[in-house]
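Structure file target.csv; described as CSV, C-alpha atoms and all ligand atoms.
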chain,number,residue,atom,x,y,z
A,5,MET,CA,109.4,152.9,109.6
A,6,SER,CA,111.8,150.1,109.9
A,7,ALA,CA,111.4,147.9,112.9
A,8,THR,CA,114.2,147.0,115.3
A,9,LYS,CA,114.7,143.8,117.2
A,10,ILE,CA,115.7,144.1,120.8
A,11,GLU,CA,116.4,141.3,123.2
A,12,PHE,CA,115.3,141.8,126.8
A,13,ALA,CA,116.1,139.7,129.9
A,14,VAL,CA,112.8,139.3,131.8
A,15,GLN,CA,112.3,137.6,135.2
A,16,MET,CA,110.0,134.7,134.4
A,17,THR,CA,109.4,131.5,136.3
A,18,CYS,CA,106.4,129.9,134.8
A,19,ASP,CA,104.2,129.6,131.8
A,20,ALA,CA,101.8,132.1,133.2
A,21,CYS,CA,104.6,134.6,133.3
A,22,VAL,CA,105.2,134.0,129.6
A,23,ASP,CA,101.5,134.7,128.9
A,24,ALA,CA,101.6,137.8,131.0
A,25,VAL,CA,104.6,139.1,129.1
A,26,LYS,CA,103.1,138.3,125.8
A,27,LYS,CA,99.8,140.0,126.8
A,28,SER,CA,101.6,143.2,127.8
A,29,LEU,CA,102.6,143.7,124.2
A,30,GLU,CA,99.5,142.4,122.6
A,31,ASN,CA,97.6,144.8,120.3
A,32,VAL,CA,100.2,147.5,121.0
A,33,SER,CA,100.6,149.5,117.8
A,34,GLY,CA,104.2,149.5,116.6
A,35,VAL,CA,104.9,146.0,117.9
A,36,LYS,CA,105.4,143.5,115.1
A,37,ASN,CA,106.5,140.4,116.8
A,38,VAL,CA,107.3,139.0,120.3
A,39,ASP,CA,109.3,135.9,121.0
A,40,VAL,CA,109.5,134.6,124.6
A,41,ASP,CA,111.8,131.9,125.9
A,42,LEU,CA,111.0,130.9,129.4
A,43,LYS,CA,114.2,128.9,129.9
A,44,THR,CA,116.6,131.6,129.1
A,45,GLY,CA,114.4,134.5,130.3
A,46,SER,CA,114.8,136.0,126.9
A,47,VAL,CA,112.1,138.2,125.2
A,48,VAL,CA,112.8,139.4,121.7
A,49,VAL,CA,110.6,142.3,120.6
A,50,ASP,CA,110.4,143.4,117.0
A,51,SER,CA,108.9,146.9,117.0
A,52,ASN,CA,109.4,150.5,116.0
A,53,LEU,CA,108.6,151.9,119.4
A,54,PRO,CA,111.2,153.6,121.6
A,55,ILE,CA,113.0,150.9,123.6
A,56,ALA,CA,112.0,152.6,126.9
A,57,GLU,CA,108.3,152.3,125.9
A,58,VAL,CA,108.6,148.6,125.2
A,59,GLN,CA,110.5,148.2,128.4
A,60,LYS,CA,107.8,150.0,130.3
A,61,LYS,CA,105.1,147.7,128.9
A,62,LEU,CA,107.1,144.7,129.9
A,63,GLU,CA,107.7,146.1,133.3
A,64,SER,CA,104.0,146.7,133.7
A,65,THR,CA,103.7,142.9,134.4
A,66,GLY,CA,105.6,143.6,137.6
A,67,ARG,CA,108.8,142.0,136.5
A,68,LYS,CA,112.4,143.3,136.3
A,69,VAL,CA,113.4,144.0,132.7
A,70,VAL,CA,116.9,144.5,131.3
A,71,ILE,CA,118.0,145.2,127.8
A,72,LYS,CA,120.4,142.5,126.6
A,73,GLY,CA,121.1,143.3,123.0
A,74,GLN,CA,119.9,144.6,119.7
A,75,ALA,CA,119.9,143.4,116.2
A,76,GLY,CA,122.5,144.4,113.6
A,77,SER,CA,126.1,143.4,113.3
A,78,LEU,CA,127.2,146.6,115.0
A,79,ALA,CA,125.4,148.4,117.7
A,80,ALA,CA,126.4,151.3,119.9
A,81,VAL,CA,125.3,152.8,123.2
A,82,CYS,CA,126.1,156.1,124.8
A,83,ILE,CA,125.6,156.8,128.5
A,84,LEU,CA,125.3,160.5,129.2
A,85,GLU,CA,127.7,160.9,132.1
A,86,ALA,CA,129.4,164.3,131.8
A,87,GLY,CA,127.5,167.4,132.5
A,88,ILE,CA,125.0,169.0,134.7
A,89,GLN,CA,124.1,166.9,137.6
A,90,GLY,CA,120.7,165.4,137.4
A,91,VAL,CA,120.8,165.0,133.6
A,92,LYS,CA,121.0,161.3,132.9
A,93,GLY,CA,120.3,159.2,130.0
A,94,VAL,CA,121.1,156.4,127.6
A,95,VAL,CA,121.1,156.6,123.8
A,96,ARG,CA,121.3,153.5,121.6
A,97,PHE,CA,122.3,153.2,118.0
A,98,ILE,CA,121.0,150.3,116.0
A,99,GLN,CA,121.4,149.7,112.2
A,100,PRO,CA,118.5,147.4,111.2
A,101,LEU,CA,119.3,148.1,107.5
A,102,PRO,CA,122.6,149.2,106.0
A,103,GLU,CA,121.2,152.6,105.2
A,104,VAL,CA,119.2,153.3,108.3
A,105,CYS,CA,120.5,154.0,111.7
A,106,VAL,CA,117.9,154.1,114.5
A,107,VAL,CA,118.8,156.5,117.3
A,108,ASP,CA,116.8,155.6,120.4
A,109,GLY,CA,117.1,157.3,123.7
A,110,THR,CA,115.8,158.2,127.0
A,111,ILE,CA,117.1,161.3,128.8
A,112,ASP,CA,116.0,162.5,132.2
A,113,GLY,CA,116.4,165.8,134.1
A,114,LEU,CA,116.0,168.2,131.2
A,115,LYS,CA,114.1,171.4,131.0
A,116,PRO,CA,110.9,171.3,129.0
A,117,GLY,CA,111.4,172.5,125.5
A,118,HIS,CA,113.7,171.9,122.5
A,119,HIS,CA,117.0,170.1,122.8
A,120,GLN,CA,119.5,169.4,120.1
A,121,ILE,CA,121.2,165.9,119.9
A,122,SER,CA,124.5,166.0,118.0
A,123,ILE,CA,127.6,163.9,117.5
A,124,HIS,CA,130.9,165.6,118.0
A,125,GLU,CA,134.3,164.7,116.7
A,126,TYR,CA,136.1,163.5,119.7
A,127,GLY,CA,135.3,161.1,122.5
A,128,ASP,CA,137.1,163.1,125.2
A,129,ILE,CA,134.7,164.0,128.0
A,130,SER,CA,137.4,164.5,130.6
A,131,LYS,CA,136.7,168.2,130.6
A,132,GLU,CA,133.0,167.8,130.0
A,133,TYR,CA,132.4,169.6,126.7
A,134,GLU,CA,135.6,171.5,126.2
A,135,ASN,CA,137.4,168.7,124.3
A,136,VAL,CA,134.6,167.2,122.3
A,137,GLY,CA,135.5,169.3,119.2
A,138,ASP,CA,133.0,170.4,116.6
A,139,VAL,CA,129.9,168.7,115.4
A,140,TYR,CA,131.2,165.8,113.4
A,141,ASN,CA,131.1,166.7,109.7
A,142,PRO,CA,133.7,164.8,107.7
A,143,SER,CA,132.2,165.6,104.3
A,144,SER,CA,129.2,167.4,103.1
A,145,THR,CA,126.0,165.4,102.9
A,146,LYS,CA,123.6,165.7,100.0
A,147,ASN,CA,121.2,168.3,101.0
A,148,GLY,CA,123.6,170.2,103.3
A,149,ARG,CA,122.9,168.5,106.6
A,150,ILE,CA,125.8,168.4,109.0
A,151,TYR,CA,126.6,164.7,109.5
A,152,GLY,CA,126.5,164.9,113.3
A,153,ASP,CA,123.3,166.9,113.5
A,154,VAL,CA,121.1,164.0,114.7
A,155,GLY,CA,118.0,166.1,115.4
A,156,THR,CA,115.9,168.1,117.8
A,157,VAL,CA,113.7,166.6,120.4
A,158,MET,CA,110.9,168.2,122.4
A,159,VAL,CA,111.1,167.6,126.1
A,160,SER,CA,107.8,167.5,127.9
A,161,ASN,CA,107.0,169.0,131.4
A,162,ASN,CA,108.3,166.0,133.4
A,163,GLY,CA,111.8,166.6,132.1
A,164,ARG,CA,112.0,163.3,130.4
A,165,ILE,CA,112.3,162.6,126.7
A,166,ASP,CA,111.9,159.2,125.0
A,167,PHE,CA,112.8,159.5,121.4
A,168,ARG,CA,113.4,157.3,118.3
A,169,LEU,CA,114.9,158.9,115.2
A,170,GLU,CA,115.6,157.2,112.0
A,171,ASP,CA,118.7,158.5,110.3
A,172,GLU,CA,120.0,157.8,106.9
A,173,VAL,CA,123.3,159.7,107.2
A,174,ILE,CA,124.8,158.1,110.3
A,175,LYS,CA,126.8,154.9,110.1
A,176,ILE,CA,127.6,153.3,113.4
A,177,SER,CA,131.2,152.4,112.3
A,178,ASP,CA,131.9,156.1,111.8
A,179,ILE,CA,130.7,157.3,115.1
A,180,ILE,CA,132.1,154.8,117.6
A,181,GLY,CA,134.5,156.5,120.0
A,182,ARG,CA,133.1,160.0,119.3
A,183,SER,CA,130.7,161.8,121.6
A,184,LEU,CA,127.1,162.5,121.8
A,185,VAL,CA,126.2,166.0,123.1
A,186,VAL,CA,122.8,167.3,124.3
A,187,THR,CA,122.3,171.0,123.9
A,188,ASP,CA,119.6,173.0,125.6
A,189,LYS,CA,118.0,175.2,123.0
A,190,THR,CA,115.6,176.9,125.4
A,191,GLU,CA,118.6,179.0,126.6
A,192,LYS,CA,119.9,181.9,124.6
A,193,PRO,CA,122.6,181.3,123.5
A,194,SER,CA,121.9,177.5,123.5
A,195,LYS,CA,123.9,175.6,126.1
A,196,ARG,CA,125.6,172.2,126.1
A,197,ILE,CA,124.3,170.2,129.1
A,198,ALA,CA,125.3,166.6,128.8
A,199,ALA,CA,127.7,164.4,126.9
A,200,GLY,CA,128.9,160.8,126.7
A,201,ILE,CA,131.2,158.6,124.5
A,202,ILE,CA,129.6,156.4,121.9
A,203,ALA,CA,130.6,152.9,122.8
A,204,ARG,CA,130.3,149.5,121.2
A,205,SER,CA,127.5,147.4,122.6
A,206,ALA,CA,126.3,143.8,122.1
A,207,GLY,CA,124.2,142.9,119.1
A,208,LEU,CA,121.2,140.7,119.4
A,209,PHE,CA,122.1,137.4,121.1
A,210,GLN,CA,125.8,138.4,121.4
A,211,ASN,CA,125.7,139.2,125.0
A,212,PRO,CA,127.0,135.9,126.4
A,213,LYS,CA,126.5,136.7,130.0
A,214,THR,CA,123.1,136.0,131.4
A,215,ILE,CA,122.3,139.2,133.2
A,216,CYS,CA,120.5,138.3,136.4
A,217,ALA,CA,117.2,140.1,135.9
A,218,CYS,CA,116.7,140.2,139.6
A,219,ASP,CA,119.2,143.0,140.1
A,220,GLY,CA,120.3,143.9,136.6
A,221,VAL,CA,118.9,147.4,136.6
A,222,THR,CA,120.0,150.3,134.5
A,223,ILE,CA,122.2,152.4,136.7
A,224,TRP,CA,120.4,155.7,136.2
A,225,ASP,CA,116.9,154.4,136.5
A,226,GLU,CA,115.2,156.4,139.2
A,227,THR,CA,112.9,153.6,140.2
A,228,SER,CA,115.7,151.1,141.0
A,229,LYS,CA,118.8,150.9,143.1
A,230,PRO,CA,122.2,150.9,141.4
A,231,LYS,CA,123.7,147.5,141.2
A,232,SER,CA,127.2,146.5,142.3
A,233,THR,CA,130.1,146.6,139.9
A,234,LEU,CA,130.9,143.0,140.2
B,16,MET,CA,106.9,161.9,122.4
B,17,TYR,CA,108.5,160.9,119.1
B,18,MET,CA,109.6,163.9,117.0
B,19,ARG,CA,111.2,163.9,113.7
B,20,ASP,CA,112.6,167.2,112.6
B,21,ILE,CA,114.9,165.8,109.9
B,22,GLU,CA,114.0,164.9,106.4
B,23,PRO,CA,115.5,161.6,105.3
B,24,LEU,CA,118.7,162.2,103.3
B,25,CYS,CA,120.2,160.1,100.6
B,26,LYS,CA,123.5,158.7,101.6
B,27,THR,CA,126.4,160.0,99.7
B,28,ASP,CA,129.0,157.6,98.3
B,29,ASN,CA,132.0,159.1,100.1
B,30,LEU,CA,130.5,158.2,103.4
B,31,HIS,CA,131.4,154.6,102.8
B,32,LEU,CA,135.0,155.4,103.1
B,33,LEU,CA,134.9,157.0,106.5
B,34,GLY,CA,135.1,153.9,108.6
B,35,GLN,CA,138.4,152.8,107.1
B,36,GLY,CA,140.0,155.9,105.8
B,37,LEU,CA,140.6,157.8,109.0
B,38,LEU,CA,143.8,157.2,111.0
B,39,PHE,CA,143.4,157.8,114.7
B,40,LYS,CA,146.7,158.7,116.4
B,41,GLN,CA,145.4,159.1,119.9
B,42,ALA,CA,142.6,157.8,122.1
B,43,THR,CA,141.7,158.4,125.7
B,44,VAL,CA,139.7,156.9,128.5
B,45,TYR,CA,138.5,158.2,131.9
B,46,VAL,CA,137.7,155.3,134.2
B,47,ASP,CA,135.6,155.4,137.3
B,48,ASP,CA,133.0,153.3,139.0
B,49,PRO,CA,129.6,153.9,137.4
B,50,ALA,CA,127.9,152.8,140.6
B,51,GLY,CA,130.0,155.3,142.5
B,52,ALA,CA,131.2,152.7,145.1
B,53,SER,CA,134.9,152.0,144.6
B,54,GLY,CA,136.3,155.5,144.5
B,55,VAL,CA,138.8,154.4,141.9
B,56,THR,CA,139.4,156.9,139.1
B,57,GLY,CA,141.9,157.3,136.3
B,58,ASN,CA,142.9,159.0,133.1
B,59,ILE,CA,144.7,157.0,130.4
B,60,THR,CA,146.0,157.9,127.0
B,61,PHE,CA,146.7,155.6,124.1
B,62,THR,CA,149.2,156.8,121.5
B,63,LYS,CA,149.9,155.1,118.2
B,64,THR,CA,153.6,154.6,117.5
B,65,ASP,CA,155.6,152.8,114.8
B,66,SER,CA,155.8,149.7,116.9
B,67,GLY,CA,152.4,149.6,118.4
B,68,VAL,CA,150.4,151.6,121.0
B,69,THR,CA,151.8,153.3,124.1
B,70,VAL,CA,149.4,153.3,127.1
B,71,SER,CA,150.2,156.0,129.7
B,72,GLY,CA,148.3,157.5,132.6
B,73,THR,CA,147.4,157.1,136.2
B,74,VAL,CA,144.8,155.4,138.2
B,75,SER,CA,144.2,156.3,141.8
B,76,GLY,CA,142.1,155.2,144.8
B,77,LEU,CA,143.5,151.6,144.6
B,78,LYS,CA,144.7,149.2,147.3
B,79,GLU,CA,148.5,148.9,147.2
B,80,GLY,CA,149.6,146.1,144.8
B,81,LYS,CA,148.8,144.6,141.5
B,82,HIS,CA,145.4,145.0,139.7
B,83,GLY,CA,144.3,143.4,136.5
B,84,PHE,CA,144.1,145.9,133.6
B,85,HIS,CA,142.3,144.9,130.4
B,86,ILE,CA,140.5,146.1,127.3
B,87,HIS,CA,137.0,144.5,127.4
B,88,ALA,CA,135.0,143.9,124.2
B,89,LEU,CA,132.3,146.4,124.7
B,90,GLY,CA,132.1,150.0,126.0
B,91,ASP,CA,128.6,149.5,127.2
B,92,LEU,CA,128.2,151.0,130.7
B,93,SER,CA,124.4,150.8,130.8
B,94,GLY,CA,124.7,148.0,133.3
B,95,GLY,CA,127.8,149.4,135.1
B,96,CYS,CA,131.2,147.7,134.4
B,97,THR,CA,129.5,144.4,133.9
B,98,SER,CA,128.1,145.2,130.5
B,99,THR,CA,131.5,145.8,129.1
B,100,GLY,CA,131.5,142.0,128.5
B,101,GLY,CA,134.6,139.8,128.5
B,102,HIS,CA,138.2,140.5,127.5
B,103,PHE,CA,138.5,141.8,123.9
B,104,ASN,CA,139.4,138.6,122.1
B,105,PRO,CA,138.8,138.8,118.3
B,106,THR,CA,141.5,136.0,117.8
B,107,ASN,CA,139.6,133.6,120.1
B,108,LEU,CA,142.6,132.6,122.2
B,109,THR,CA,142.9,132.0,126.0
B,110,HIS,CA,143.8,134.6,128.6
B,111,GLY,CA,147.5,135.3,129.0
B,112,SER,CA,150.2,137.8,129.7
B,113,PRO,CA,150.9,140.7,127.4
B,114,ASP,CA,154.1,139.0,126.4
B,115,ASP,CA,152.5,135.7,125.6
B,116,LYS,CA,151.7,134.6,122.1
B,117,ASN,CA,148.5,133.0,123.4
B,118,ARG,CA,146.6,136.0,124.8
B,119,HIS,CA,143.5,138.0,124.4
B,120,ILE,CA,144.2,141.2,122.4
B,121,GLY,CA,142.8,143.0,125.5
B,122,ASP,CA,145.2,141.5,128.0
B,123,LEU,CA,147.4,144.3,129.2
B,124,GLY,CA,148.5,142.5,132.4
B,125,ASN,CA,148.6,144.3,135.7
B,126,ILE,CA,149.0,147.9,136.9
B,127,VAL,CA,150.8,148.4,140.2
B,128,ALA,CA,149.5,150.8,142.9
B,129,ASP,CA,152.0,152.3,145.3
B,130,ALA,CA,151.4,152.8,149.1
B,131,SER,CA,149.3,155.9,148.3
B,132,GLY,CA,147.0,153.9,146.0
B,133,VAL,CA,148.3,155.4,142.8
B,134,ALA,CA,149.3,153.3,139.8
B,135,LYS,CA,151.4,154.9,137.2
B,136,ILE,CA,150.9,153.3,133.8
B,137,GLU,CA,153.5,153.2,131.1
B,138,ILE,CA,152.8,150.2,128.8
B,139,SER,CA,153.9,149.6,125.3
B,140,ASP,CA,151.8,147.0,123.5
B,141,THR,CA,152.2,145.6,120.0
B,142,LEU,CA,148.8,144.1,119.5
B,143,ILE,CA,146.2,146.6,120.5
B,144,ASP,CA,145.5,149.2,117.8
B,145,LEU,CA,143.4,152.3,117.2
B,146,GLU,CA,142.0,151.1,113.9
B,147,GLY,CA,141.2,147.9,112.1
B,148,GLU,CA,140.6,144.5,113.5
B,149,ASN,CA,142.3,145.1,116.8
B,150,SER,CA,140.9,148.6,117.3
B,151,ILE,CA,140.1,149.4,121.0
B,152,ILE,CA,138.1,152.5,120.1
B,153,GLY,CA,134.7,152.4,121.7
B,154,ARG,CA,135.6,149.4,123.8
B,155,GLY,CA,135.8,149.3,127.6
B,156,VAL,CA,138.9,149.6,129.9
B,157,VAL,CA,138.5,147.8,133.2
B,158,VAL,CA,140.6,148.0,136.3
B,159,HIS,CA,140.1,145.0,138.6
B,160,GLU,CA,140.1,144.4,142.3
B,161,GLY,CA,142.7,141.7,142.3
B,162,GLU,CA,145.9,140.6,140.5
B,163,ASP,CA,145.7,139.2,137.0
B,164,ASP,CA,147.5,135.8,137.3
B,165,LEU,CA,148.2,136.1,133.5
B,166,GLY,CA,146.5,132.7,132.9
B,167,LYS,CA,148.9,130.8,135.1
B,168,GLY,CA,147.1,130.7,138.4
B,169,GLY,CA,145.4,127.4,137.9
B,170,TYR,CA,142.0,128.7,138.9
B,171,GLU,CA,138.9,127.9,137.0
B,172,ASP,CA,138.8,131.4,135.5
B,173,SER,CA,142.6,131.9,135.1
B,174,LEU,CA,142.4,131.2,131.4
B,175,THR,CA,139.4,133.5,130.8
B,176,THR,CA,139.8,136.4,133.1
B,177,GLY,CA,143.2,135.9,134.9
B,178,HIS,CA,141.2,135.4,138.1
B,179,ALA,CA,141.4,139.2,138.6
B,180,GLY,CA,138.2,139.5,140.6
B,181,GLY,CA,135.6,142.3,140.6
B,182,ARG,CA,135.6,145.4,138.4
B,183,LEU,CA,136.5,148.5,140.3
B,184,ALA,CA,136.4,151.1,137.5
B,185,CYS,CA,135.7,151.2,133.8
B,186,GLY,CA,135.4,153.6,130.9
B,187,VAL,CA,135.0,153.9,127.2
B,188,VAL,CA,138.0,154.5,124.9
B,189,GLY,CA,137.2,157.7,123.0
B,190,ILE,CA,138.9,159.3,120.0
B,191,LEU,CA,141.2,162.1,121.0
B,192,ALA,CA,141.9,165.2,119.0
C,301,CU,CU,139.2,142.8,132.8
C,302,ZN,ZN,142.2,138.1,128.9

Show the structure stored in the file as structure tokens.
Amino acid sequence: MSATKIEFAVQMTCDACVDAVKKSLENVSGVKNVDVDLKTGSVVVDSNLPIAEVQKKLESTGRKVVIKGQAGSLAAVCILEAGIQGVKGVVRFIQPLPEVCVVDGTIDGLKPGHHQISIHEYGDISKEYENVGDVYNPSSTKNGRIYGDVGTVMVSNNGRIDFRLEDEVIKISDIIGRSLVVTDKTEKPSKRIAAGIIARSAGLFQNPKTICACDGVTIWDETSKPKSTL
Amino acid sequence: MYMRDIEPLCKTDNLHLLGQGLLFKQATVYVDDPAGASGVTGNITFTKTDSGVTVSGTVSGLKEGKHGFHIHALGDLSGGCTSTGGHFNPTNLTHGSPDDKNRHIGDLGNIVADASGVAKIEISDTLIDLEGENSIIGRGVVVHEGEDDLGKGGYEDSLTTGHAGGRLACGVVGILA
């Protein structure tokens, strides 16, 4: 498994905070390295855990945690915004190596069971799923996999899925501006239930703005209030 | 939690070509306020022409008057409109008017809302593109609260943001069929 580097903004005011943050990721399997900078409030974690899991560990110290950026020259993020109300999520794409794309996501409000994650041709979600086109498949891949068939995830009883898939077909440069669609496979026939456009996001240390960790919450996080648009 | 149903595949050589080889003719964006506060929404289409890109559409729910209208560097909406970053500026110039030589690629000036709060957009721009260095695909479109002073207002942020104020609505530019 290849590890990915993610930069988080964490509310820290003192050296004790730094220790607490470091401790939260100590002896956690999958975590390779943790760099903490008290002055900038930056925590860089090198791991192969789902981002949400690392974030949860950091938050267990009682601090607000915001994802600031990820390693790789090109990174992408997709906010699932069209579809059935109550289904919300964020899926990030990171390319730690030229031939590996890590697809890391957290989706809430799903029914327990199998769900398909796929990339569709068009980034038009104005009519939810009508205009997203077919599963993206510009040319056949070696053993017959459809390019945009990212994979199937198993949703547990709480309706949430945290997943991390390593994909050797997807290239971020090919999928920017297209859409990510989640299909409920527990229904017969299976049903599309959420979609979002795959967008460019900041790479590691590229996000110039210091996000105030005090209110910089992810907008769909059920535990926090949405922040203003300013 | 973590499930892997897919066997690793070897990459095929022709996949290398995909990023450059495709010509996108049209792109689209739906803008709204991810936090649900401003009530501003809009649909905008970008069409490639011989001389550049035509931007057309409508934005509604605005206060009457001018509103800054830009392409921002990122399409990241995970932190609301804030995480779309600054104006798309691959040439590293200062903020300006769409007609200026010295401008951000993402500087599309102002859109103008009528008394009913609707702004009709019909812009033709020679710098933004749907492919290559100046590609706006996957980036953010932002509608601002205030007027873009086109870099000439003399405020501290005139040369970076056009002093256009808060971000009322945003969206990601997606590839259109
Ligand atoms: Cu702007
Ligand atoms: Zn600008």

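Relative to atom CA of His82 of chain B, atom CA of Ala179 of chain B is found at 7.1 Å.
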
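Using all atoms listed in the file, the shortest contact distance between Glu171 of chain B and any of B:Lys40, B:Ala134, B:Asn149, B:His110 is found at B:His110.
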
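Atom to atom, atom CA of His124 of chain A and atom CA of Pro49 of chain B stand 22.7 Å apart.
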
Quiz item: Residues at most 7 Å from ligand ZN 302 (chain C), using only C-alpha atoms and all ligand atoms? Could they come as a PyMOL selection string?
Solution: chain B and resi 85+102+109-111+118-119+121-122+175-177

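If we count all atoms listed in the file, these residues of chain A sit within 6 Å of chain B: Tyr126, Gly127, Asp128, Val157, Phe167, Glu172, Val173, Ser177, Asp178, Ile180, Gly181, Arg182, Ala203, Arg204, Ser205, Thr222, Thr233 and Leu234 of chain A.
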
Practice problem: Counting only C-alpha atoms and all ligand atoms, figure out which residue out of B:Leu123, B:Val70, B:Ile143, B:Val133 gets nearest to ligand CU 301 (chain C). | Solution: B:Leu123

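Take the candidates B:Ser66, B:Ser71, B:Asn125, B:Ser139 and check each one against ligand CU 301 (chain C) using only C-alpha atoms and all ligand atoms; the shortest distance goes to B:Asn125.
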
Exercise. Compute the distance from (127.8, 158.9, 115.0) to each atom, counting only C-alpha atoms, keep the residues with any atom at most 9 Å away, and return them as a ChimeraX atom specification; use the coordinates of the file.
Key: /A:97,122-125,140,151-152,154,174-184,202

Quiz item: Could you state the separation of atom CA of Gly207 of chain A and atom CA of Lys61 of chain A in Å, given to one decimal place?
Solution: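 Atom-to-atom, atom CA of Gly207 of chain A and atom CA of Lys61 of chain A are spaced 22.0 Å apart.
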
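Take the candidates A:Asn135, A:Gly34, A:Pro100, A:Ser130 and check each one against Ile59 of chain B using only C-alpha atoms; the shortest distance goes to A:Ser130.
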
Quiz item: So, counting all atoms listed in the file, which residue among B:Lys167, B:Thr141, B:Ile86, B:Asp172 is closest to ligand CU 301 (chain C)?
Solution: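 Once distances to ligand CU 301 (chain C) are computed over all atoms listed in the file, the minimum belongs to B:Ile86.
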
Exercise. Scan for residues within 12 Å of the point (111.4, 174.5, 127.1) in the coordinates of the file, using all atoms listed in the file, and reply as a list in words.
Key: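 Using all atoms listed in the file, the matching residues come out as Leu114, Lys115, Pro116, Gly117, His118, His119, Gln120, Val157, Met158, Val159, Ser160, Asn161, Asn162, Gly163, Arg164, Ile165, Thr187, Asp188, Lys189, Thr190, Glu191, Lys192 and Ser194 of chain A.
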
Self-check item: Non-local contacts of Leu84 of chain A (12 Å; only C-alpha atoms; under 6 positions in same chain excluded) as number ranges by chain
Solution: A: 90-96, 109-113, 121, 129, 132-133, 183-186, 197-203, 223-224; B: 49, 91-93, 187

Restricting the output to C-alpha atoms, write the selected residues as a compact mmCIF listing (two decimals), keeping the file's coordinate frame.
# COMPACT_ATOMS: atom_id res chain seq x y z
CA GLY A 90 120.70 165.40 137.40
CA VAL A 91 120.80 165.00 133.60
CA LYS A 92 121.00 161.30 132.90
CA GLY A 93 120.30 159.20 130.00
CA VAL A 94 121.10 156.40 127.60
CA VAL A 95 121.10 156.60 123.80
CA ARG A 96 121.30 153.50 121.60
CA GLY A 109 117.10 157.30 123.70
CA THR A 110 115.80 158.20 127.00
CA ILE A 111 117.10 161.30 128.80
CA ASP A 112 116.00 162.50 132.20
CA GLY A 113 116.40 165.80 134.10
CA ILE A 121 121.20 165.90 119.90
CA ILE A 129 134.70 164.00 128.00
CA GLU A 132 133.00 167.80 130.00
CA TYR A 133 132.40 169.60 126.70
CA SER A 183 130.70 161.80 121.60
CA LEU A 184 127.10 162.50 121.80
CA VAL A 185 126.20 166.00 123.10
CA VAL A 186 122.80 167.30 124.30
CA ILE A 197 124.30 170.20 129.10
CA ALA A 198 125.30 166.60 128.80
CA ALA A 199 127.70 164.40 126.90
CA GLY A 200 128.90 160.80 126.70
CA ILE A 201 131.20 158.60 124.50
CA ILE A 202 129.60 156.40 121.90
CA ALA A 203 130.60 152.90 122.80
CA ILE A 223 122.20 152.40 136.70
CA TRP A 224 120.40 155.70 136.20
CA PRO B 49 129.60 153.90 137.40
CA ASP B 91 128.60 149.50 127.20
CA LEU B 92 128.20 151.00 130.70
CA SER B 93 124.40 150.80 130.80
CA VAL B 187 135.00 153.90 127.20

Quiz item: For Val156 of chain B, which residue among B:Phe84, B:Asp144, B:Phe39, B:Val74 is the nearest when counting all atoms listed in the file?
Solution: B:Phe84

Quiz item: Neighbours of segment 21-23 of chain A within 12 Å (only C-alpha atoms; same-chain residues fewer than 3 positions away dropped), as number ranges by chain?
Solution: A: 14-18, 26-30, 38-47, 62-63, 65-67
